[in-house]
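Asker: Please read through the structure below; I'll follow up with questions.
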Amino acid sequence: MKKAMKNFIPAITKKECTEFGQLAILVLLFFALKHGGNAYYIDLAFICMIITIVAPIIFYPFAIIWFSLSKVLSVVGPAIMLGIIFLVLVTPLGLFRRLIGHDSLRLRQFKKSSASVLTDRRHIFTAVDLLHTF
């Protein structure tokens, strides 16, 4: 369990702490713009800017959380996206092909007789076939 957790907790450098400080500044400035130039958010952004310049290591615990979250999302995100793509594109296409009765693999003929369902391809390959394969 400890080893699995260690994989998701990255080693944080001073540069990454600085990057988190810059991110915090941008988020605070965004909130300041969203709330009509609220001085509270601008003051917090200014304080974060000074901390980022002088002692970015103060952001170390927040950087661990931020970069750990990004590592977890980099594992979970593609699985979710591929699952959505599969459900939206592949599943309806398969159901449509089943509905119209298309059987590319000839599964209905499989084991109905002793004959093979594989396509018998009698082709003699020549040098020209190897030149333009695609």
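By convention in this document, the chains of the structure tokens carry letters A, B, ... by their order, each chain's residues are numbered from 1, and ligands are numbered from 1 in the order they are shown.
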Using DSSP secondary structure from the backbone, list all helix (DSSP H, G or I) positions within chain A, as a compact mmCIF listing (two decimals) with N, CA, C and O atoms, in the first residue's frame.

Answerer:
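Contents of the output file out-v8.txt:
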# COMPACT_ATOMS: atom_id res chain seq x y z
N LYS A 2 1.94 1.22 0.81
CA LYS A 2 2.81 2.38 0.87
C LYS A 2 3.49 2.63 -0.47
O LYS A 2 3.63 3.76 -0.90
N LYS A 3 3.90 1.53 -1.14
CA LYS A 3 4.57 1.68 -2.42
C LYS A 3 3.62 2.25 -3.48
O LYS A 3 4.01 3.05 -4.30
N ALA A 4 2.37 1.81 -3.44
CA ALA A 4 1.38 2.33 -4.39
C ALA A 4 1.16 3.82 -4.17
O ALA A 4 1.01 4.58 -5.12
N MET A 5 1.09 4.25 -2.92
CA MET A 5 0.91 5.67 -2.63
C MET A 5 2.13 6.47 -3.04
O MET A 5 2.02 7.60 -3.49
N LYS A 6 3.33 5.87 -2.88
CA LYS A 6 4.54 6.58 -3.22
C LYS A 6 4.61 6.87 -4.71
O LYS A 6 5.20 7.85 -5.14
N ASN A 7 3.99 6.00 -5.53
CA ASN A 7 3.98 6.23 -6.97
C ASN A 7 3.19 7.48 -7.34
O ASN A 7 3.45 8.09 -8.35
N PHE A 8 2.20 7.84 -6.53
CA PHE A 8 1.36 8.99 -6.85
C PHE A 8 1.82 10.26 -6.16
O PHE A 8 1.29 11.33 -6.42
N LYS A 14 11.96 22.97 -6.27
CA LYS A 14 11.70 24.38 -6.02
C LYS A 14 10.99 25.01 -7.22
O LYS A 14 10.11 25.87 -7.07
N LYS A 15 11.37 24.57 -8.42
CA LYS A 15 10.75 25.10 -9.64
C LYS A 15 9.26 24.78 -9.66
O LYS A 15 8.44 25.60 -10.05
N GLU A 16 8.90 23.56 -9.25
CA GLU A 16 7.48 23.18 -9.24
C GLU A 16 6.71 23.95 -8.18
O GLU A 16 5.54 24.27 -8.37
N CYS A 17 7.37 24.27 -7.05
CA CYS A 17 6.72 25.12 -6.04
C CYS A 17 6.47 26.52 -6.62
O CYS A 17 5.42 27.12 -6.38
N THR A 18 7.44 27.02 -7.40
CA THR A 18 7.26 28.31 -8.05
C THR A 18 6.12 28.26 -9.05
O THR A 18 5.31 29.19 -9.14
N GLU A 19 6.04 27.16 -9.81
CA GLU A 19 4.95 27.01 -10.77
C GLU A 19 3.59 27.00 -10.07
O GLU A 19 2.63 27.59 -10.56
N PHE A 20 3.52 26.33 -8.91
CA PHE A 20 2.25 26.34 -8.18
C PHE A 20 1.93 27.75 -7.70
O PHE A 20 0.76 28.16 -7.72
N GLY A 21 2.94 28.49 -7.25
CA GLY A 21 2.72 29.88 -6.83
C GLY A 21 2.18 30.72 -7.97
O GLY A 21 1.26 31.53 -7.78
N GLN A 22 2.71 30.52 -9.17
CA GLN A 22 2.21 31.26 -10.33
C GLN A 22 0.77 30.86 -10.66
O GLN A 22 -0.04 31.72 -11.01
N LEU A 23 0.48 29.59 -10.51
CA LEU A 23 -0.89 29.14 -10.72
C LEU A 23 -1.84 29.78 -9.71
O LEU A 23 -2.93 30.23 -10.06
N ALA A 24 -1.41 29.84 -8.45
CA ALA A 24 -2.24 30.45 -7.41
C ALA A 24 -2.49 31.93 -7.72
O ALA A 24 -3.60 32.43 -7.54
N ILE A 25 -1.47 32.61 -8.21
CA ILE A 25 -1.62 34.02 -8.58
C ILE A 25 -2.65 34.17 -9.70
O ILE A 25 -3.55 35.02 -9.63
N LEU A 26 -2.56 33.32 -10.71
CA LEU A 26 -3.51 33.40 -11.83
C LEU A 26 -4.94 33.13 -11.37
O LEU A 26 -5.88 33.80 -11.80
N VAL A 27 -5.10 32.13 -10.51
CA VAL A 27 -6.45 31.81 -10.02
C VAL A 27 -7.01 32.97 -9.21
O VAL A 27 -8.19 33.34 -9.37
N LEU A 28 -6.19 33.55 -8.35
CA LEU A 28 -6.66 34.68 -7.55
C LEU A 28 -6.99 35.90 -8.42
O LEU A 28 -7.98 36.59 -8.18
N LEU A 29 -6.19 36.14 -9.45
CA LEU A 29 -6.50 37.25 -10.36
C LEU A 29 -7.77 36.97 -11.16
O LEU A 29 -8.55 37.89 -11.45
N PHE A 30 -7.98 35.72 -11.51
CA PHE A 30 -9.22 35.36 -12.20
C PHE A 30 -10.43 35.64 -11.30
O PHE A 30 -11.43 36.21 -11.75
N PHE A 31 -10.34 35.24 -10.03
CA PHE A 31 -11.44 35.51 -9.11
C PHE A 31 -11.63 37.01 -8.90
O PHE A 31 -12.76 37.48 -8.75
N ALA A 32 -10.53 37.76 -8.92
CA ALA A 32 -10.64 39.21 -8.77
C ALA A 32 -11.41 39.80 -9.96
O ALA A 32 -12.27 40.67 -9.78
N LEU A 33 -11.10 39.34 -11.16
CA LEU A 33 -11.83 39.82 -12.34
C LEU A 33 -13.28 39.38 -12.33
O LEU A 33 -14.18 40.13 -12.72
N LYS A 34 -13.52 38.15 -11.88
CA LYS A 34 -14.88 37.62 -11.86
C LYS A 34 -15.76 38.39 -10.87
O LYS A 34 -16.96 38.54 -11.10
N ALA A 39 -10.76 43.85 -4.19
CA ALA A 39 -9.44 44.15 -3.65
C ALA A 39 -8.91 43.01 -2.79
O ALA A 39 -7.70 42.82 -2.69
N TYR A 40 -9.79 42.24 -2.19
CA TYR A 40 -9.37 41.11 -1.35
C TYR A 40 -8.58 40.11 -2.18
O TYR A 40 -7.50 39.67 -1.77
N TYR A 41 -9.07 39.73 -3.35
CA TYR A 41 -8.39 38.76 -4.21
C TYR A 41 -7.10 39.36 -4.78
O TYR A 41 -6.10 38.65 -4.94
N ILE A 42 -7.12 40.64 -5.08
CA ILE A 42 -5.91 41.29 -5.61
C ILE A 42 -4.83 41.32 -4.54
O ILE A 42 -3.65 41.06 -4.82
N ASP A 43 -5.21 41.60 -3.30
CA ASP A 43 -4.23 41.59 -2.20
C ASP A 43 -3.65 40.20 -1.99
O ASP A 43 -2.45 40.04 -1.80
N LEU A 44 -4.52 39.17 -2.05
CA LEU A 44 -4.02 37.80 -1.91
C LEU A 44 -3.08 37.41 -3.05
O LEU A 44 -2.07 36.74 -2.84
N ALA A 45 -3.40 37.85 -4.26
CA ALA A 45 -2.54 37.57 -5.41
C ALA A 45 -1.19 38.26 -5.24
O ALA A 45 -0.14 37.67 -5.56
N PHE A 46 -1.20 39.47 -4.72
CA PHE A 46 0.06 40.18 -4.48
C PHE A 46 0.90 39.47 -3.43
O PHE A 46 2.11 39.32 -3.58
N ILE A 47 0.25 39.00 -2.36
CA ILE A 47 0.97 38.26 -1.32
C ILE A 47 1.55 36.96 -1.89
O ILE A 47 2.71 36.60 -1.61
N CYS A 48 0.77 36.28 -2.70
CA CYS A 48 1.27 35.04 -3.34
C CYS A 48 2.43 35.34 -4.27
O CYS A 48 3.39 34.54 -4.34
N MET A 49 2.40 36.48 -4.95
CA MET A 49 3.49 36.83 -5.84
C MET A 49 4.78 37.07 -5.04
O MET A 49 5.86 36.61 -5.44
N ILE A 50 4.67 37.74 -3.93
CA ILE A 50 5.86 37.99 -3.10
C ILE A 50 6.40 36.67 -2.55
O ILE A 50 7.62 36.44 -2.56
N ILE A 51 5.51 35.79 -2.08
CA ILE A 51 5.96 34.49 -1.57
C ILE A 51 6.62 33.67 -2.69
O ILE A 51 7.63 33.02 -2.47
N THR A 52 6.05 33.72 -3.88
CA THR A 52 6.60 32.98 -5.01
C THR A 52 8.00 33.47 -5.36
O THR A 52 8.88 32.67 -5.69
N ILE A 53 8.23 34.75 -5.24
CA ILE A 53 9.55 35.31 -5.57
C ILE A 53 10.55 35.05 -4.45
O ILE A 53 11.67 34.64 -4.69
N VAL A 54 10.14 35.26 -3.20
CA VAL A 54 11.06 35.21 -2.06
C VAL A 54 11.27 33.79 -1.55
O VAL A 54 12.41 33.33 -1.38
N PRO A 56 9.46 30.30 -2.43
CA PRO A 56 8.46 29.44 -3.04
C PRO A 56 8.28 28.09 -2.33
O PRO A 56 7.28 27.42 -2.52
N ILE A 57 9.22 27.74 -1.47
CA ILE A 57 9.14 26.46 -0.76
C ILE A 57 7.93 26.43 0.19
O ILE A 57 7.50 25.35 0.61
N ILE A 58 7.37 27.58 0.50
CA ILE A 58 6.17 27.64 1.34
C ILE A 58 5.01 26.93 0.65
O ILE A 58 4.13 26.36 1.31
N PHE A 59 5.02 26.91 -0.66
CA PHE A 59 3.95 26.24 -1.42
C PHE A 59 4.17 24.74 -1.55
O PHE A 59 3.41 24.07 -2.26
N TYR A 60 5.18 24.19 -0.89
CA TYR A 60 5.52 22.77 -1.02
C TYR A 60 4.34 21.84 -0.75
O TYR A 60 4.05 20.96 -1.57
N PRO A 61 3.60 21.97 0.38
CA PRO A 61 2.48 21.04 0.61
C PRO A 61 1.38 21.15 -0.45
O PRO A 61 0.80 20.14 -0.87
N PHE A 62 1.12 22.37 -0.90
CA PHE A 62 0.10 22.55 -1.93
C PHE A 62 0.56 21.98 -3.28
O PHE A 62 -0.24 21.43 -4.03
N ALA A 63 1.86 22.12 -3.55
CA ALA A 63 2.41 21.58 -4.79
C ALA A 63 2.34 20.05 -4.79
O ALA A 63 2.07 19.44 -5.83
N ILE A 64 2.57 19.42 -3.64
CA ILE A 64 2.45 17.96 -3.55
C ILE A 64 1.02 17.54 -3.90
O ILE A 64 0.81 16.62 -4.69
N ILE A 65 0.05 18.22 -3.32
CA ILE A 65 -1.35 17.88 -3.59
C ILE A 65 -1.68 18.12 -5.06
O ILE A 65 -2.30 17.27 -5.72
N TRP A 66 -1.24 19.25 -5.61
CA TRP A 66 -1.56 19.61 -6.99
C TRP A 66 -0.94 18.62 -7.98
O TRP A 66 -1.61 18.13 -8.88
N PHE A 67 0.34 18.32 -7.82
CA PHE A 67 1.01 17.43 -8.76
C PHE A 67 0.59 15.97 -8.55
O PHE A 67 0.60 15.17 -9.50
N SER A 68 0.21 15.59 -7.33
CA SER A 68 -0.33 14.24 -7.10
C SER A 68 -1.67 14.10 -7.80
O SER A 68 -1.96 13.07 -8.41
N LEU A 69 -2.49 15.14 -7.71
CA LEU A 69 -3.78 15.12 -8.40
C LEU A 69 -3.59 15.01 -9.91
O LEU A 69 -4.30 14.26 -10.58
N SER A 70 -2.61 15.73 -10.44
CA SER A 70 -2.37 15.65 -11.88
C SER A 70 -1.89 14.26 -12.29
O SER A 70 -2.24 13.76 -13.35
N LYS A 71 -1.13 13.60 -11.42
CA LYS A 71 -0.65 12.24 -11.72
C LYS A 71 -1.82 11.25 -11.71
O LYS A 71 -1.91 10.38 -12.57
N VAL A 72 -2.71 11.40 -10.74
CA VAL A 72 -3.88 10.52 -10.67
C VAL A 72 -4.79 10.75 -11.89
O VAL A 72 -5.27 9.80 -12.52
N LEU A 73 -4.99 12.01 -12.26
CA LEU A 73 -5.84 12.31 -13.41
C LEU A 73 -5.22 11.83 -14.72
O LEU A 73 -5.94 11.48 -15.65
N SER A 74 -3.89 11.78 -14.78
CA SER A 74 -3.25 11.28 -16.00
C SER A 74 -3.44 9.78 -16.16
O SER A 74 -3.30 9.25 -17.27
N VAL A 75 -3.75 9.09 -15.07
CA VAL A 75 -4.03 7.65 -15.15
C VAL A 75 -5.52 7.41 -15.39
O VAL A 75 -5.90 6.58 -16.21
N VAL A 76 -6.37 8.15 -14.71
CA VAL A 76 -7.81 7.93 -14.77
C VAL A 76 -8.44 8.57 -16.00
O VAL A 76 -9.34 7.99 -16.62
N GLY A 77 -7.97 9.74 -16.39
CA GLY A 77 -8.56 10.49 -17.49
C GLY A 77 -8.63 9.73 -18.81
O GLY A 77 -9.70 9.67 -19.43
N PRO A 78 -7.53 9.17 -19.28
CA PRO A 78 -7.60 8.44 -20.56
C PRO A 78 -8.56 7.25 -20.52
O PRO A 78 -9.24 6.98 -21.51
N ALA A 79 -8.62 6.56 -19.39
CA ALA A 79 -9.54 5.42 -19.29
C ALA A 79 -10.99 5.89 -19.41
O ALA A 79 -11.81 5.26 -20.10
N ILE A 80 -11.31 6.99 -18.79
CA ILE A 80 -12.67 7.53 -18.87
C ILE A 80 -12.97 8.00 -20.29
O ILE A 80 -14.03 7.70 -20.85
N MET A 81 -12.02 8.72 -20.91
CA MET A 81 -12.23 9.22 -22.27
C MET A 81 -12.38 8.07 -23.27
O MET A 81 -13.25 8.11 -24.13
N LEU A 82 -11.54 7.05 -23.16
CA LEU A 82 -11.65 5.92 -24.08
C LEU A 82 -12.95 5.15 -23.86
O LEU A 82 -13.54 4.66 -24.81
N GLY A 83 -13.38 5.08 -22.60
CA GLY A 83 -14.66 4.44 -22.33
C GLY A 83 -15.82 5.19 -22.95
O GLY A 83 -16.74 4.60 -23.53
N ILE A 84 -15.78 6.51 -22.86
CA ILE A 84 -16.83 7.33 -23.47
C ILE A 84 -16.82 7.19 -24.99
O ILE A 84 -17.88 7.03 -25.62
N ILE A 85 -15.62 7.22 -25.58
CA ILE A 85 -15.52 7.06 -27.03
C ILE A 85 -16.06 5.70 -27.45
O ILE A 85 -16.77 5.58 -28.44
N PHE A 86 -15.73 4.66 -26.67
CA PHE A 86 -16.22 3.32 -27.00
C PHE A 86 -17.75 3.29 -26.94
O PHE A 86 -18.40 2.75 -27.83
N LEU A 87 -18.31 3.85 -25.88
CA LEU A 87 -19.77 3.82 -25.73
C LEU A 87 -20.48 4.67 -26.77
O LEU A 87 -21.59 4.34 -27.20
N VAL A 88 -19.86 5.77 -27.19
CA VAL A 88 -20.52 6.67 -28.13
C VAL A 88 -20.33 6.23 -29.59
O VAL A 88 -21.25 6.37 -30.39
N LEU A 89 -19.16 5.69 -29.93
CA LEU A 89 -18.89 5.35 -31.32
C LEU A 89 -18.97 3.86 -31.63
O LEU A 89 -19.67 3.45 -32.56
N VAL A 90 -18.25 3.05 -30.88
CA VAL A 90 -18.11 1.64 -31.23
C VAL A 90 -19.38 0.85 -30.93
O VAL A 90 -19.82 0.04 -31.75
N THR A 91 -19.97 1.06 -29.77
CA THR A 91 -21.16 0.29 -29.40
C THR A 91 -22.33 0.54 -30.36
O THR A 91 -22.93 -0.43 -30.84
N PRO A 92 -22.69 1.79 -30.69
CA PRO A 92 -23.78 1.97 -31.66
C PRO A 92 -23.46 1.38 -33.04
O PRO A 92 -24.35 0.83 -33.69
N LEU A 93 -22.20 1.47 -33.46
CA LEU A 93 -21.83 0.89 -34.75
C LEU A 93 -22.00 -0.63 -34.73
O LEU A 93 -22.54 -1.21 -35.68
N GLY A 94 -21.59 -1.28 -33.65
CA GLY A 94 -21.77 -2.72 -33.53
C GLY A 94 -23.24 -3.11 -33.49
O GLY A 94 -23.65 -4.10 -34.11
N LEU A 95 -24.03 -2.34 -32.75
CA LEU A 95 -25.46 -2.63 -32.70
C LEU A 95 -26.12 -2.42 -34.05
O LEU A 95 -27.00 -3.20 -34.46
N PHE A 96 -25.71 -1.39 -34.80
CA PHE A 96 -26.25 -1.15 -36.13
C PHE A 96 -25.89 -2.29 -37.07
O PHE A 96 -26.73 -2.77 -37.84
N ARG A 97 -24.64 -2.76 -37.02
CA ARG A 97 -24.22 -3.86 -37.90
C ARG A 97 -24.97 -5.14 -37.55
O ARG A 97 -25.31 -5.92 -38.43
N ARG A 98 -25.23 -5.35 -36.27
CA ARG A 98 -26.02 -6.53 -35.88
C ARG A 98 -27.46 -6.40 -36.36
O ARG A 98 -28.08 -7.36 -36.80
N LEU A 99 -27.99 -5.17 -36.29
CA LEU A 99 -29.37 -4.92 -36.72
C LEU A 99 -29.56 -5.19 -38.21
O LEU A 99 -30.57 -5.78 -38.62
N ALA A 127 7.27 -9.50 -56.31
CA ALA A 127 8.07 -8.36 -55.81
C ALA A 127 7.28 -7.07 -55.83
O ALA A 127 7.47 -6.19 -54.98
N VAL A 128 6.35 -6.92 -56.74
CA VAL A 128 5.53 -5.70 -56.82
C VAL A 128 4.65 -5.58 -55.58
O VAL A 128 4.42 -4.46 -55.08
N ASP A 129 4.18 -6.68 -55.03
CA ASP A 129 3.35 -6.64 -53.82
C ASP A 129 4.12 -6.06 -52.63
O ASP A 129 3.54 -5.43 -51.75
N LEU A 130 5.41 -6.27 -52.59
CA LEU A 130 6.23 -5.79 -51.48
C LEU A 130 6.66 -4.33 -51.67
O LEU A 130 7.04 -3.69 -50.69
N LEU A 131 6.62 -3.82 -52.88
CA LEU A 131 7.01 -2.44 -53.12
C LEU A 131 5.96 -1.45 -52.62
O LEU A 131 6.29 -0.46 -51.98

Asker: Take atom CA of A:Leu105 and atom CA of A:Ile124 and report the distance between them in Å, one decimal.

Answerer: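 One can read the atom CA of A:Leu105 to atom CA of A:Ile124 distance as 24.1 Å.
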